[in-house]
>>> print(open('input33.tsv').read())   # TSV, C-alpha atoms
chain	number	residue	atom	x	y	z
A	1417	MET	CA	-15.10	-8.23	-46.91
A	1418	PHE	CA	-13.21	-5.18	-45.66
A	1419	PHE	CA	-16.00	-2.90	-46.89
A	1420	VAL	CA	-18.66	-4.98	-45.14
A	1421	VAL	CA	-16.68	-4.95	-41.87
A	1422	ALA	CA	-16.25	-1.17	-42.16
A	1423	ILE	CA	-19.95	-0.63	-42.71
A	1424	THR	CA	-20.79	-2.87	-39.73
A	1425	ILE	CA	-18.38	-1.09	-37.39
A	1426	SER	CA	-19.65	2.32	-38.53
A	1427	SER	CA	-23.26	1.29	-38.03
A	1428	ILE	CA	-22.54	0.10	-34.49
A	1429	LEU	CA	-20.69	3.34	-33.66
A	1430	LEU	CA	-23.47	5.53	-35.06
A	1431	TYR	CA	-26.16	3.47	-33.31
A	1432	TYR	CA	-24.64	4.04	-29.88
A	1433	ALA	CA	-23.87	7.71	-30.58
A	1434	ARG	CA	-27.29	8.63	-31.95
A	1435	PRO	CA	-29.21	11.43	-30.18
A	1436	GLY	CA	-31.43	10.30	-27.35
A	1437	THR	CA	-29.29	7.43	-26.13
A	1438	ASN	CA	-27.64	9.49	-23.42
A	1439	ASP	CA	-28.70	9.12	-19.82
A	1440	THR	CA	-31.45	11.67	-19.24
A	1441	THR	CA	-31.99	10.88	-15.58
A	1442	SER	CA	-30.84	13.56	-13.22
A	1443	THR	CA	-29.94	13.33	-9.57
A	1444	ASN	CA	-30.84	16.98	-9.13
A	1445	PRO	CA	-34.25	17.50	-10.74
A	1446	ASP	CA	-35.50	20.80	-12.04
A	1447	GLY	CA	-37.61	22.84	-9.61
A	1448	GLN	CA	-40.87	22.81	-11.55
A	1449	THR	CA	-40.66	19.10	-12.33
A	1450	ASP	CA	-39.72	17.97	-8.84
A	1451	PRO	CA	-42.94	17.00	-6.96
A	1452	GLU	CA	-41.32	17.33	-3.54
A	1453	SER	CA	-40.20	20.88	-4.25
A	1454	VAL	CA	-43.55	21.85	-5.80
A	1455	LEU	CA	-45.51	20.41	-2.87
A	1456	ARG	CA	-43.30	22.15	-0.30
A	1457	VAL	CA	-43.62	25.65	-1.79
A	1458	PHE	CA	-47.30	25.09	-2.59
A	1459	LEU	CA	-48.25	24.22	0.99
A	1460	GLN	CA	-46.21	27.05	2.45
A	1461	ALA	CA	-47.58	29.72	0.07
A	1462	SER	CA	-50.44	32.08	0.87
A	1463	LEU	CA	-53.82	31.54	-0.74
A	1464	GLY	CA	-53.66	35.08	-2.15
A	1465	GLU	CA	-57.42	35.61	-2.27
A	1466	GLU	CA	-60.07	36.21	0.37
A	1467	MET	CA	-62.69	33.47	0.55
A	1468	VAL	CA	-65.86	32.84	2.48
A	1469	LEU	CA	-66.86	29.23	2.88
A	1470	SER	CA	-70.50	28.55	3.63
A	1471	LEU	CA	-70.54	25.49	5.84
A	1472	ASP	CA	-72.81	25.09	8.86
A	1473	ARG	CA	-71.30	28.47	9.71
A	1474	GLU	CA	-69.40	30.93	7.54
A	1475	ILE	CA	-65.64	30.58	7.56
A	1476	HIS	CA	-63.58	33.55	6.41
A	1477	ILE	CA	-60.19	32.76	4.93
A	1478	SER	CA	-57.81	35.67	4.59
A	1479	PRO	CA	-55.50	36.03	1.55
A	1480	SER	CA	-52.42	35.52	3.71
A	1481	THR	CA	-53.58	32.15	5.05
A	1482	GLU	CA	-51.18	29.36	4.20
A	1483	ILE	CA	-52.49	26.80	1.73
A	1484	ALA	CA	-51.66	24.00	4.16
A	1485	GLU	CA	-54.06	25.56	6.68
A	1486	CYS	CA	-56.77	25.94	4.01
A	1487	LEU	CA	-56.39	22.28	3.05
A	1488	LEU	CA	-56.55	21.23	6.69
A	1489	ILE	CA	-59.82	23.14	7.15
A	1490	GLU	CA	-61.26	21.45	4.07
A	1491	LEU	CA	-60.06	17.96	5.01
A	1492	GLU	CA	-61.44	18.20	8.55
A	1493	ALA	CA	-64.80	19.40	7.24
A	1494	LEU	CA	-64.93	16.60	4.66
A	1495	ALA	CA	-64.05	14.06	7.35
A	1496	LEU	CA	-67.03	15.31	9.34
A	1497	GLY	CA	-69.30	14.69	6.36
A	1498	CYS	CA	-69.42	18.12	4.74
A	1499	ASP	CA	-70.19	18.30	1.01
A	1500	ILE	CA	-67.17	18.93	-1.22
A	1501	ASP	CA	-69.20	21.37	-3.33
A	1502	CYS	CA	-68.93	23.88	-0.48
A	1503	PHE	CA	-65.22	24.07	-1.23
A	1504	ALA	CA	-65.53	24.33	-5.01
A	1505	PRO	CA	-64.21	27.92	-5.28
A	1506	MET	CA	-61.26	27.15	-3.04
A	1507	ASN	CA	-60.45	23.93	-4.88
A	1508	GLU	CA	-60.58	25.80	-8.17
A	1509	LYS	CA	-58.15	28.34	-6.77
A	1510	LEU	CA	-55.82	25.61	-5.49
A	1511	CYS	CA	-55.82	23.91	-8.91
A	1512	SER	CA	-55.06	27.23	-10.54
A	1513	ILE	CA	-52.11	27.85	-8.21
A	1514	LEU	CA	-50.69	24.37	-8.80
A	1515	GLU	CA	-51.00	24.73	-12.55
A	1516	THR	CA	-49.29	28.12	-12.38
A	1517	ILE	CA	-46.35	26.63	-10.52
A	1518	CYS	CA	-45.95	23.59	-12.77
A	1519	SER	CA	-46.93	25.17	-16.09
A	1520	PRO	CA	-46.29	24.35	-18.84
A	1521	VAL	CA	-44.16	21.24	-18.50
A	1522	MET	CA	-46.19	19.28	-15.96
A	1523	GLN	CA	-49.84	18.59	-15.26
A	1524	PRO	CA	-50.46	18.48	-11.48
A	1525	TYR	CA	-52.95	16.30	-9.59
A	1526	LEU	CA	-53.50	16.68	-5.85
A	1527	LEU	CA	-54.86	13.68	-3.98
A	1528	SER	CA	-55.82	13.52	-0.33
A	1529	MET	CA	-56.80	10.74	2.00
A	1530	GLU	CA	-57.48	10.31	5.67
A	1531	LEU	CA	-55.21	7.81	7.36
A	1532	LEU	CA	-57.34	5.61	9.58
A	1533	ASP	CA	-56.42	2.57	11.64
A	1534	GLU	CA	-58.32	0.07	9.51
A	1535	GLU	CA	-58.17	1.61	6.07
A	1536	ASN	CA	-57.31	4.82	4.28
A	1537	LEU	CA	-60.24	6.90	3.12
A	1538	GLN	CA	-59.80	8.93	-0.07
A	1539	MET	CA	-61.12	12.47	0.38
A	1540	PHE	CA	-60.68	14.27	-2.96
A	1541	SER	CA	-58.64	14.43	-6.15
A	1542	LEU	CA	-57.96	17.79	-7.76
A	1543	PRO	CA	-58.82	18.45	-10.55
A	1544	CYS	CA	-59.51	14.74	-11.18
A	1545	ASP	CA	-57.83	11.37	-10.73
A	1546	PRO	CA	-54.41	11.19	-12.39
A	1547	PRO	CA	-53.92	8.83	-15.34
A	1548	GLN	CA	-53.17	5.28	-14.28
A	1549	SER	CA	-50.47	4.70	-16.86
A	1550	GLY	CA	-47.51	6.56	-18.28
A	1551	THR	CA	-44.75	8.49	-16.58
A	1552	ARG	CA	-45.75	9.98	-13.25
A	1553	TYR	CA	-43.81	11.61	-10.43
A	1554	ALA	CA	-45.23	11.84	-6.94
A	1555	SER	CA	-44.48	13.15	-3.51
A	1556	SER	CA	-46.48	12.94	-0.29
A	1557	VAL	CA	-46.72	14.79	2.97
A	1558	GLU	CA	-48.70	14.10	6.12
A	1559	LEU	CA	-50.90	16.83	7.60
A	1560	PRO	CA	-51.80	16.24	11.24
A	1561	GLY	CA	-55.17	17.65	12.31
A	1562	PRO	CA	-55.74	19.34	15.68
A	1563	ASP	CA	-58.05	16.53	16.87
A	1564	GLY	CA	-55.45	13.83	16.26
A	1565	SER	CA	-56.60	12.87	12.78
A	1566	LEU	CA	-53.96	12.38	10.11
A	1567	PHE	CA	-54.29	13.28	6.44
A	1568	LEU	CA	-52.01	12.34	3.57
A	1569	LEU	CA	-51.55	14.75	0.68
A	1570	THR	CA	-50.02	13.40	-2.50
A	1571	LEU	CA	-48.97	15.48	-5.47
A	1572	VAL	CA	-48.73	13.62	-8.77
A	1573	LEU	CA	-47.01	15.32	-11.68
A	1574	VAL	CA	-47.60	14.01	-15.19
A	1575	PRO	CA	-45.47	15.34	-18.05
A	1576	ALA	CA	-47.64	17.43	-20.36
A	1577	SER	CA	-47.86	16.45	-23.99
A	1578	LEU	CA	-46.22	18.63	-26.62
A	1579	SER	CA	-49.56	20.07	-27.79
A	1580	GLU	CA	-50.54	20.90	-24.19
A	1581	ILE	CA	-47.21	22.61	-23.62
A	1582	ARG	CA	-47.72	24.65	-26.79
A	1583	ASP	CA	-51.30	25.61	-25.92
A	1584	VAL	CA	-50.63	26.35	-22.26
A	1585	GLY	CA	-47.44	28.19	-23.16
A	1586	ALA	CA	-49.28	30.48	-25.57
A	1587	CYS	CA	-52.13	31.18	-23.11
A	1588	ASP	CA	-49.65	31.63	-20.27
A	1589	LEU	CA	-47.68	34.13	-22.32
A	1590	ASP	CA	-50.88	35.99	-23.16
A	1591	LEU	CA	-51.86	36.19	-19.50
A	1592	ARG	CA	-48.44	37.37	-18.49
A	1593	LEU	CA	-48.42	39.99	-21.21
A	1594	GLY	CA	-51.91	41.09	-20.23
A	1595	ILE	CA	-53.54	39.98	-23.49
A	1596	ASP	CA	-57.14	38.80	-23.12
A	1597	GLN	CA	-57.45	37.00	-26.45
A	1598	PRO	CA	-54.66	34.90	-27.91
A	1599	SER	CA	-53.01	36.75	-30.74
A	1600	ALA	CA	-52.93	35.19	-34.18
A	1601	ASP	CA	-49.19	34.62	-34.30
A	1602	LEU	CA	-49.29	32.61	-31.08
A	1603	GLN	CA	-51.84	30.19	-32.40
A	1604	PRO	CA	-50.44	26.75	-33.24
B	44	MET	CA	-19.09	18.50	-65.59
B	45	LEU	CA	-16.45	17.68	-68.18
B	46	LEU	CA	-14.14	16.57	-65.40
B	47	VAL	CA	-16.75	14.18	-64.01
B	48	VAL	CA	-17.44	12.74	-67.44
B	49	GLY	CA	-13.72	12.36	-68.05
B	50	VAL	CA	-13.13	10.59	-64.76
B	51	SER	CA	-16.08	8.26	-65.28
B	52	HIS	CA	-14.80	7.40	-68.79
B	53	LEU	CA	-11.39	6.72	-67.33
B	54	LEU	CA	-12.88	4.41	-64.69
B	55	VAL	CA	-14.98	2.55	-67.27
B	56	ASP	CA	-11.95	2.17	-69.52
B	57	SER	CA	-9.81	0.89	-66.68
B	58	LEU	CA	-12.46	-1.58	-65.54
B	59	SER	CA	-13.03	-2.80	-69.12
B	60	PHE	CA	-9.29	-3.35	-69.32
B	61	VAL	CA	-9.57	-5.47	-66.20
B	62	TYR	CA	-12.30	-7.60	-67.65
B	63	GLN	CA	-10.35	-7.95	-70.91
B	64	ASP	CA	-7.32	-9.14	-69.02
B	65	GLU	CA	-8.17	-12.77	-69.58
B	66	SER	CA	-4.58	-13.91	-69.54
B	67	GLY	CA	-4.43	-13.25	-65.80
B	68	VAL	CA	-1.47	-10.90	-65.97
B	69	GLY	CA	-1.49	-8.76	-62.80
B	70	GLY	CA	-1.09	-5.02	-62.79
B	71	PHE	CA	-2.10	-1.73	-61.28
B	72	PHE	CA	-5.45	-1.48	-63.07
B	73	GLU	CA	-6.47	-4.99	-62.11
B	74	ASP	CA	-6.33	-4.00	-58.40
B	75	LEU	CA	-8.32	-0.80	-58.83
B	76	PRO	CA	-11.73	-2.26	-57.80
B	77	VAL	CA	-10.20	-3.63	-54.62
B	78	LEU	CA	-8.55	-0.30	-53.94
B	79	VAL	CA	-11.84	1.51	-54.45
B	80	PHE	CA	-13.60	-0.73	-51.93
B	81	VAL	CA	-10.79	-0.37	-49.39
B	82	LEU	CA	-10.76	3.40	-49.75
B	83	ALA	CA	-14.55	3.59	-49.49
B	84	GLY	CA	-14.55	1.43	-46.35
B	85	THR	CA	-11.78	3.48	-44.79
B	86	CYS	CA	-13.64	6.71	-45.56
B	87	VAL	CA	-16.85	5.37	-44.03
B	88	MET	CA	-15.01	4.35	-40.87
B	89	ILE	CA	-13.19	7.68	-40.59
B	90	LEU	CA	-16.37	9.69	-41.14
B	91	SER	CA	-18.34	7.71	-38.60
B	92	ALA	CA	-15.50	7.93	-36.07
B	93	VAL	CA	-15.36	11.71	-36.49
B	94	SER	CA	-19.14	11.97	-36.17
B	95	VAL	CA	-19.20	9.81	-33.04
B	96	SER	CA	-16.35	11.69	-31.37
B	97	ASP	CA	-18.13	14.99	-32.10
B	98	ALA	CA	-21.33	13.65	-30.56
B	99	ILE	CA	-19.48	12.42	-27.47
B	100	VAL	CA	-17.68	15.76	-26.99
B	101	SER	CA	-20.95	17.66	-27.43
B	102	ARG	CA	-22.73	15.37	-24.94
B	103	GLU	CA	-19.98	15.79	-22.36
B	104	LYS	CA	-20.14	19.56	-22.78
B	105	ILE	CA	-23.90	19.58	-22.24
B	106	LYS	CA	-23.50	17.40	-19.14
B	107	GLU	CA	-20.94	19.82	-17.77
B	108	LEU	CA	-23.28	22.76	-18.47
B	109	GLU	CA	-26.16	20.92	-16.75
B	110	TYR	CA	-23.98	20.35	-13.71
B	111	LEU	CA	-22.93	24.01	-13.66
B	112	ALA	CA	-26.52	25.24	-14.06
B	113	ASN	CA	-27.76	23.00	-11.24
B	114	ARG	CA	-24.89	24.02	-8.96
B	115	CYS	CA	-25.48	27.70	-9.71
B	116	ALA	CA	-29.21	27.48	-9.05
B	117	ASP	CA	-28.50	25.77	-5.71
B	118	ARG	CA	-25.93	28.42	-4.80
B	119	VAL	CA	-28.35	31.24	-5.64
B	120	VAL	CA	-31.14	29.72	-3.53
B	121	SER	CA	-28.81	29.02	-0.61
B	122	GLU	CA	-27.50	32.58	-0.87
B	123	LEU	CA	-31.08	33.89	-0.70
B	124	VAL	CA	-32.39	31.71	2.11
B	125	GLY	CA	-29.18	31.66	4.14
B	126	ALA	CA	-28.35	28.74	6.37
B	127	HIS	CA	-31.96	27.66	6.82
B	128	PRO	CA	-33.21	25.37	4.03
B	129	GLY	CA	-36.87	26.00	3.26
B	130	ALA	CA	-36.78	29.45	4.83
B	131	VAL	CA	-38.77	32.28	3.27
B	132	ILE	CA	-36.89	34.77	1.09
B	133	MET	CA	-37.50	38.45	1.70
B	134	VAL	CA	-38.49	39.71	-1.75
B	135	GLU	CA	-37.27	43.20	-0.89
B	136	SER	CA	-33.80	41.91	-0.14
B	137	LEU	CA	-33.12	40.58	-3.65
B	138	CYS	CA	-29.95	42.18	-4.93
B	139	ALA	CA	-28.72	41.59	-8.47
B	140	THR	CA	-25.14	42.63	-7.83
B	141	ARG	CA	-24.66	40.18	-4.97
B	142	LEU	CA	-26.22	37.30	-6.91
B	143	CYS	CA	-24.16	38.11	-10.03
B	144	LYS	CA	-21.00	37.79	-7.96
B	145	VAL	CA	-22.13	34.44	-6.55
B	146	ILE	CA	-22.90	33.08	-10.03
B	147	THR	CA	-19.72	34.45	-11.59
B	148	ASP	CA	-17.64	32.76	-8.89
B	149	CYS	CA	-19.52	29.54	-9.51
B	150	LEU	CA	-19.34	29.50	-13.31
B	151	ASP	CA	-15.68	30.17	-13.99
B	152	GLY	CA	-15.98	32.15	-17.22
B	153	HIS	CA	-19.16	30.69	-18.71
B	154	GLY	CA	-21.92	33.01	-19.89
B	155	PHE	CA	-25.17	33.06	-17.98
B	156	ARG	CA	-28.54	34.72	-17.68
B	157	MET	CA	-30.50	34.48	-14.45
B	158	GLY	CA	-34.06	35.52	-13.67
B	159	ILE	CA	-36.18	35.43	-10.55
B	160	ALA	CA	-39.94	35.64	-11.06
B	161	MET	CA	-42.86	35.57	-8.68
B	162	VAL	CA	-45.53	33.27	-10.12
B	163	HIS	CA	-48.02	33.40	-7.24
B	164	PRO	CA	-50.08	35.31	-6.04
B	165	VAL	CA	-49.30	37.57	-9.03
B	166	PHE	CA	-46.82	37.16	-11.83
B	167	GLU	CA	-43.97	39.61	-11.61
B	168	TRP	CA	-40.38	39.68	-12.76
B	169	LEU	CA	-38.36	40.49	-9.67
B	170	LEU	CA	-34.82	40.38	-10.90
B	171	GLU	CA	-32.77	39.71	-14.00
B	172	ALA	CA	-29.04	39.47	-14.33
B	173	SER	CA	-26.69	38.36	-17.06
B	174	SER	CA	-23.00	38.00	-17.64
B	175	ALA	CA	-20.87	40.31	-19.71
B	176	SER	CA	-19.24	37.25	-21.24
B	177	SER	CA	-18.84	37.29	-25.00
B	178	ALA	CA	-18.64	33.49	-25.15
B	179	ILE	CA	-20.19	32.09	-28.33
B	180	LEU	CA	-23.47	30.29	-27.71
B	181	GLU	CA	-22.75	26.77	-28.99
B	182	SER	CA	-24.68	24.79	-26.39
B	183	ALA	CA	-26.61	25.79	-23.32
B	184	SER	CA	-28.34	24.30	-20.32
B	185	SER	CA	-30.85	25.63	-17.84
B	186	SER	CA	-31.97	24.86	-14.32
B	187	SER	CA	-34.70	26.17	-12.07
B	188	ARG	CA	-35.54	26.08	-8.39
B	189	LEU	CA	-38.69	26.95	-6.46
B	190	ALA	CA	-38.74	28.92	-3.24
B	191	ASN	CA	-41.13	30.85	-1.05
B	192	GLY	CA	-40.77	34.60	-0.64
B	193	LEU	CA	-42.38	37.13	1.65
B	194	THR	CA	-43.92	40.07	-0.24
B	195	ASP	CA	-44.47	43.64	0.94
B	196	GLU	CA	-48.17	42.86	1.48
B	197	GLY	CA	-47.32	40.04	3.86
B	198	TYR	CA	-48.18	37.21	1.48
B	199	ILE	CA	-45.95	34.19	1.11
B	200	ALA	CA	-45.30	34.02	-2.61
B	201	VAL	CA	-43.92	31.31	-4.88
B	202	LEU	CA	-40.69	32.31	-6.59
B	203	VAL	CA	-39.00	30.61	-9.53
B	204	VAL	CA	-35.25	31.01	-9.89
B	205	ARG	CA	-34.12	30.10	-13.41
B	206	ILE	CA	-30.60	30.20	-14.76
B	207	ILE	CA	-29.33	29.54	-18.29
B	208	VAL	CA	-25.66	28.74	-18.73
B	209	TRP	CA	-23.68	28.60	-21.97
>>> encode(input="input33.tsv", output="structure tokens")
Amino acid sequence: MFFVVAITISSILLYYARPGTNDTTSTNPDGQTDPESVLRVFLQASLGEEMVLSLDREIHISPSTEIAECLLIELEALALGCDIDCFAPMNEKLCSILETICSPVMQPYLLSMELLDEENLQMFSLPCDPPQSGTRYASSVELPGPDGSLFLLTLVLVPASLSEIRDVGACDLDLRLGIDQPSADLQP
Amino acid sequence: MLLVVGVSHLLVDSLSFVYQDESGVGGFFEDLPVLVFVLAGTCVMILSAVSVSDAIVSREKIKELEYLANRCADRVVSELVGAHPGAVIMVESLCATRLCKVITDCLDGHGFRMGIAMVHPVFEWLLEASSASSAILESASSSSRLANGLTDEGYIAVLVVRIIVW
């Protein structure tokens, strides 16, 4: 009887002390996993590359233009009925910047919609719509247009899977070391 | 090997004596099975208690390191941006000596390694600093913060401040 009681007590103790049962929530999230922080620095950063957008007229965007301004130009044009393909190079650049900031722990998705009186109109999702299930973290910010229109930008961060972290981490390291092709020892 | 065989023979002999004790006369050897179970149970409880206390101490230490790393990262960013949250850091003004002093004051003897990197528009290590502490690395925790910085070319860059504390 004593032995059985001892085993039971030990099992209960070890069950509650096993790894992974501690509280992993944090009141002060890490910079690259905090959507509010990522969205703030992303919108305030410069685009870093000169771009020419071919709309009804050519629009030159300088490398020092803030990303928030670039997004506002795109959102206003889309609201006026412009084709999103005209902004493909810029959207690709924006995705690249977001992935650079969040890499390799998070996969970013940028959603935008125009806030109208009757309903909200979705403008674009970069690079695609985020997954509808699983753990997601999000933060939003409103961008007021010069003509009184109001746009809502939402950043959704989805934790990357272990294989994605490994792949992105290896490629990221290659890029940062200036290696074009992944070396053999970095391959999973 | 001989010792193990000897002990096992002794145990078998003692237990066979117990089973042969049909007259019900009590004695030391009759209580041996009970004693073995009690000792085994006590050992299991002691071992699990030691294991659990070790896990709790280790968890508390990691929590403390997480708190220190977060506090340090906040102090470094506030030191860089000054009294204006969200302000842009002048990349040229980054000074390792000043930041080392801030972190050392914050950490109270713990070892640390801090790095500031620009991840956009180009990747570049801007600053690295570490402690001269010879503390043994048993457990560690890290924290990072994002900030905007103004480069020499006039671009607003994205900076990552990362600190590892042990």
>>> atom_distance(input="input33.tsv", atom1="atom CA of A:Pro1479", atom2="atom CA of A:Thr1516")
17.2 Å
>>> residues_around(input="input33.tsv", residues="stretch 96-102 of chain B", least_positions_apart="5", cutoff="10 Å", atoms="only C-alpha atoms", output="number ranges by chain")
A: 1429-1430, 1433-1435, 1438; B: 90-91, 107-108, 181-182
>>> write_last_selection(input="input33.tsv", atoms="C-alpha atoms", output="mmCIF file, keeping the file's coordinate frame")
data_model
loop_
_atom_site.group_PDB
_atom_site.id
_atom_site.type_symbol
_atom_site.label_atom_id
_atom_site.label_comp_id
_atom_site.auth_asym_id
_atom_site.auth_seq_id
_atom_site.Cartn_x
_atom_site.Cartn_y
_atom_site.Cartn_z
ATOM 1 C CA LEU A 1429 -20.690 3.340 -33.660
ATOM 2 C CA LEU A 1430 -23.470 5.530 -35.060
ATOM 3 C CA ALA A 1433 -23.870 7.710 -30.580
ATOM 4 C CA ARG A 1434 -27.290 8.630 -31.950
ATOM 5 C CA PRO A 1435 -29.210 11.430 -30.180
ATOM 6 C CA ASN A 1438 -27.640 9.490 -23.420
ATOM 7 C CA LEU B 90 -16.370 9.690 -41.140
ATOM 8 C CA SER B 91 -18.340 7.710 -38.600
ATOM 9 C CA GLU B 107 -20.940 19.820 -17.770
ATOM 10 C CA LEU B 108 -23.280 22.760 -18.470
ATOM 11 C CA GLU B 181 -22.750 26.770 -28.990
ATOM 12 C CA SER B 182 -24.680 24.790 -26.390
#
>>> atom_distance(input="input33.tsv", atom1="atom CA of A:Leu1573", atom2="atom CA of A:Gly1447")
12.2 Å
>>> closest_atom_pairs(input="input33.tsv", of="stretch 68-118 of chain B", to="stretch 200-206 of chain B", cutoff="12 Å", atoms="all atoms listed in the file", output="Markdown table")
| residue | atom | partner | partner_atom | distance |
| --- | --- | --- | --- | --- |
| B:Leu108 | CA | B:Ile206 | CA | 11.1 |
| B:Glu109 | CA | B:Ile206 | CA | 10.5 |
| B:Tyr110 | CA | B:Ile206 | CA | 11.9 |
| B:Leu111 | CA | B:Ile206 | CA | 9.9 |
| B:Ala112 | CA | B:Ile206 | CA | 6.5 |
| B:Asn113 | CA | B:Ile206 | CA | 8.5 |
| B:Arg114 | CA | B:Ile206 | CA | 10.2 |
| B:Cys115 | CA | B:Ile206 | CA | 7.6 |
| B:Ala116 | CA | B:Ile206 | CA | 6.5 |
| B:Asp117 | CA | B:Val204 | CA | 9.5 |
| B:Arg118 | CA | B:Val204 | CA | 10.9 |
>>> residues_around(input="input33.tsv", residues="stretch 1541-1554 of chain A", least_positions_apart="3", cutoff="12 Å", atoms="all atoms listed in the file", output="count of residues only")
44
>>> residues_around(input="input33.tsv", residues="A:Glu1490", least_positions_apart="5", cutoff="12 Å", atoms="only C-alpha atoms", output="PDB file with C-alpha atoms, in the coordinates of the input")
ATOM      1  CA  LEU A1469     -66.860  29.230   2.880  1.00  0.00           C
ATOM      2  CA  SER A1470     -70.500  28.550   3.630  1.00  0.00           C
ATOM      3  CA  LEU A1471     -70.540  25.490   5.840  1.00  0.00           C
ATOM      4  CA  ILE A1475     -65.640  30.580   7.560  1.00  0.00           C
ATOM      5  CA  ILE A1477     -60.190  32.760   4.930  1.00  0.00           C
ATOM      6  CA  ILE A1483     -52.490  26.800   1.730  1.00  0.00           C
ATOM      7  CA  ALA A1484     -51.660  24.000   4.160  1.00  0.00           C
ATOM      8  CA  GLU A1485     -54.060  25.560   6.680  1.00  0.00           C
ATOM      9  CA  ALA A1495     -64.050  14.060   7.350  1.00  0.00           C
ATOM     10  CA  LEU A1496     -67.030  15.310   9.340  1.00  0.00           C
ATOM     11  CA  GLY A1497     -69.300  14.690   6.360  1.00  0.00           C
ATOM     12  CA  CYS A1498     -69.420  18.120   4.740  1.00  0.00           C
ATOM     13  CA  ASP A1499     -70.190  18.300   1.010  1.00  0.00           C
ATOM     14  CA  ILE A1500     -67.170  18.930  -1.220  1.00  0.00           C
ATOM     15  CA  ASP A1501     -69.200  21.370  -3.330  1.00  0.00           C
ATOM     16  CA  CYS A1502     -68.930  23.880  -0.480  1.00  0.00           C
ATOM     17  CA  PHE A1503     -65.220  24.070  -1.230  1.00  0.00           C
ATOM     18  CA  ALA A1504     -65.530  24.330  -5.010  1.00  0.00           C
ATOM     19  CA  PRO A1505     -64.210  27.920  -5.280  1.00  0.00           C
ATOM     20  CA  MET A1506     -61.260  27.150  -3.040  1.00  0.00           C
ATOM     21  CA  ASN A1507     -60.450  23.930  -4.880  1.00  0.00           C
ATOM     22  CA  LEU A1510     -55.820  25.610  -5.490  1.00  0.00           C
ATOM     23  CA  SER A1528     -55.820  13.520  -0.330  1.00  0.00           C
ATOM     24  CA  MET A1529     -56.800  10.740   2.000  1.00  0.00           C
ATOM     25  CA  GLU A1530     -57.480  10.310   5.670  1.00  0.00           C
ATOM     26  CA  MET A1539     -61.120  12.470   0.380  1.00  0.00           C
ATOM     27  CA  PHE A1540     -60.680  14.270  -2.960  1.00  0.00           C
ATOM     28  CA  LEU A1559     -50.900  16.830   7.600  1.00  0.00           C
ATOM     29  CA  GLY A1561     -55.170  17.650  12.310  1.00  0.00           C
ATOM     30  CA  PHE A1567     -54.290  13.280   6.440  1.00  0.00           C
TER      31      PHE A1567
END
>>> atom_distance(input="input33.tsv", atom1="atom CA of B:Asp151", atom2="atom CA of B:Glu103")
17.2 Å
>>> residues_around(input="input33.tsv", residues="B:Phe155", least_positions_apart="6", cutoff="12 Å", atoms="all atoms listed in the file", output="number ranges by chain")
B: 108, 111-112, 115-116, 142-149, 171-180, 182-186, 205-209
>>> write_last_selection(input="input33.tsv", atoms="C-alpha atoms", output="compact mmCIF listing (two decimals), keeping the file's coordinate frame")
# COMPACT_ATOMS: atom_id res chain seq x y z
CA LEU B 108 -23.28 22.76 -18.47
CA LEU B 111 -22.93 24.01 -13.66
CA ALA B 112 -26.52 25.24 -14.06
CA CYS B 115 -25.48 27.70 -9.71
CA ALA B 116 -29.21 27.48 -9.05
CA LEU B 142 -26.22 37.30 -6.91
CA CYS B 143 -24.16 38.11 -10.03
CA LYS B 144 -21.00 37.79 -7.96
CA VAL B 145 -22.13 34.44 -6.55
CA ILE B 146 -22.90 33.08 -10.03
CA THR B 147 -19.72 34.45 -11.59
CA ASP B 148 -17.64 32.76 -8.89
CA CYS B 149 -19.52 29.54 -9.51
CA GLU B 171 -32.77 39.71 -14.00
CA ALA B 172 -29.04 39.47 -14.33
CA SER B 173 -26.69 38.36 -17.06
CA SER B 174 -23.00 38.00 -17.64
CA ALA B 175 -20.87 40.31 -19.71
CA SER B 176 -19.24 37.25 -21.24
CA SER B 177 -18.84 37.29 -25.00
CA ALA B 178 -18.64 33.49 -25.15
CA ILE B 179 -20.19 32.09 -28.33
CA LEU B 180 -23.47 30.29 -27.71
CA SER B 182 -24.68 24.79 -26.39
CA ALA B 183 -26.61 25.79 -23.32
CA SER B 184 -28.34 24.30 -20.32
CA SER B 185 -30.85 25.63 -17.84
CA SER B 186 -31.97 24.86 -14.32
CA ARG B 205 -34.12 30.10 -13.41
CA ILE B 206 -30.60 30.20 -14.76
CA ILE B 207 -29.33 29.54 -18.29
CA VAL B 208 -25.66 28.74 -18.73
CA TRP B 209 -23.68 28.60 -21.97
>>> interface_residues(input="input33.tsv", of="chain B", to="chain A", cutoff="8 Å", atoms="only C-alpha atoms", output="NGL selection string")
:B and (80-81 or 83-85 or 87-88 or 91-92 or 94-95 or 98-99 or 102 or 113 or 162-164 or 166 or 186-191 or 197-201 or 203)
>>> closest_residue(input="input33.tsv", among="B:Leu169, B:Met161, B:Leu193, B:Ile105", to="B:Ile132", atoms="only C-alpha atoms")
B:Leu193
>>> axis_aligned_box(input="input33.tsv", around="stretch 1425-1429 of chain A", padding_each_side="3 Å", output="JSON")
{"center_x": -20.8, "center_y": 1.1, "center_z": -36.1, "size_x": 10.9, "size_y": 10.4, "size_z": 10.9}
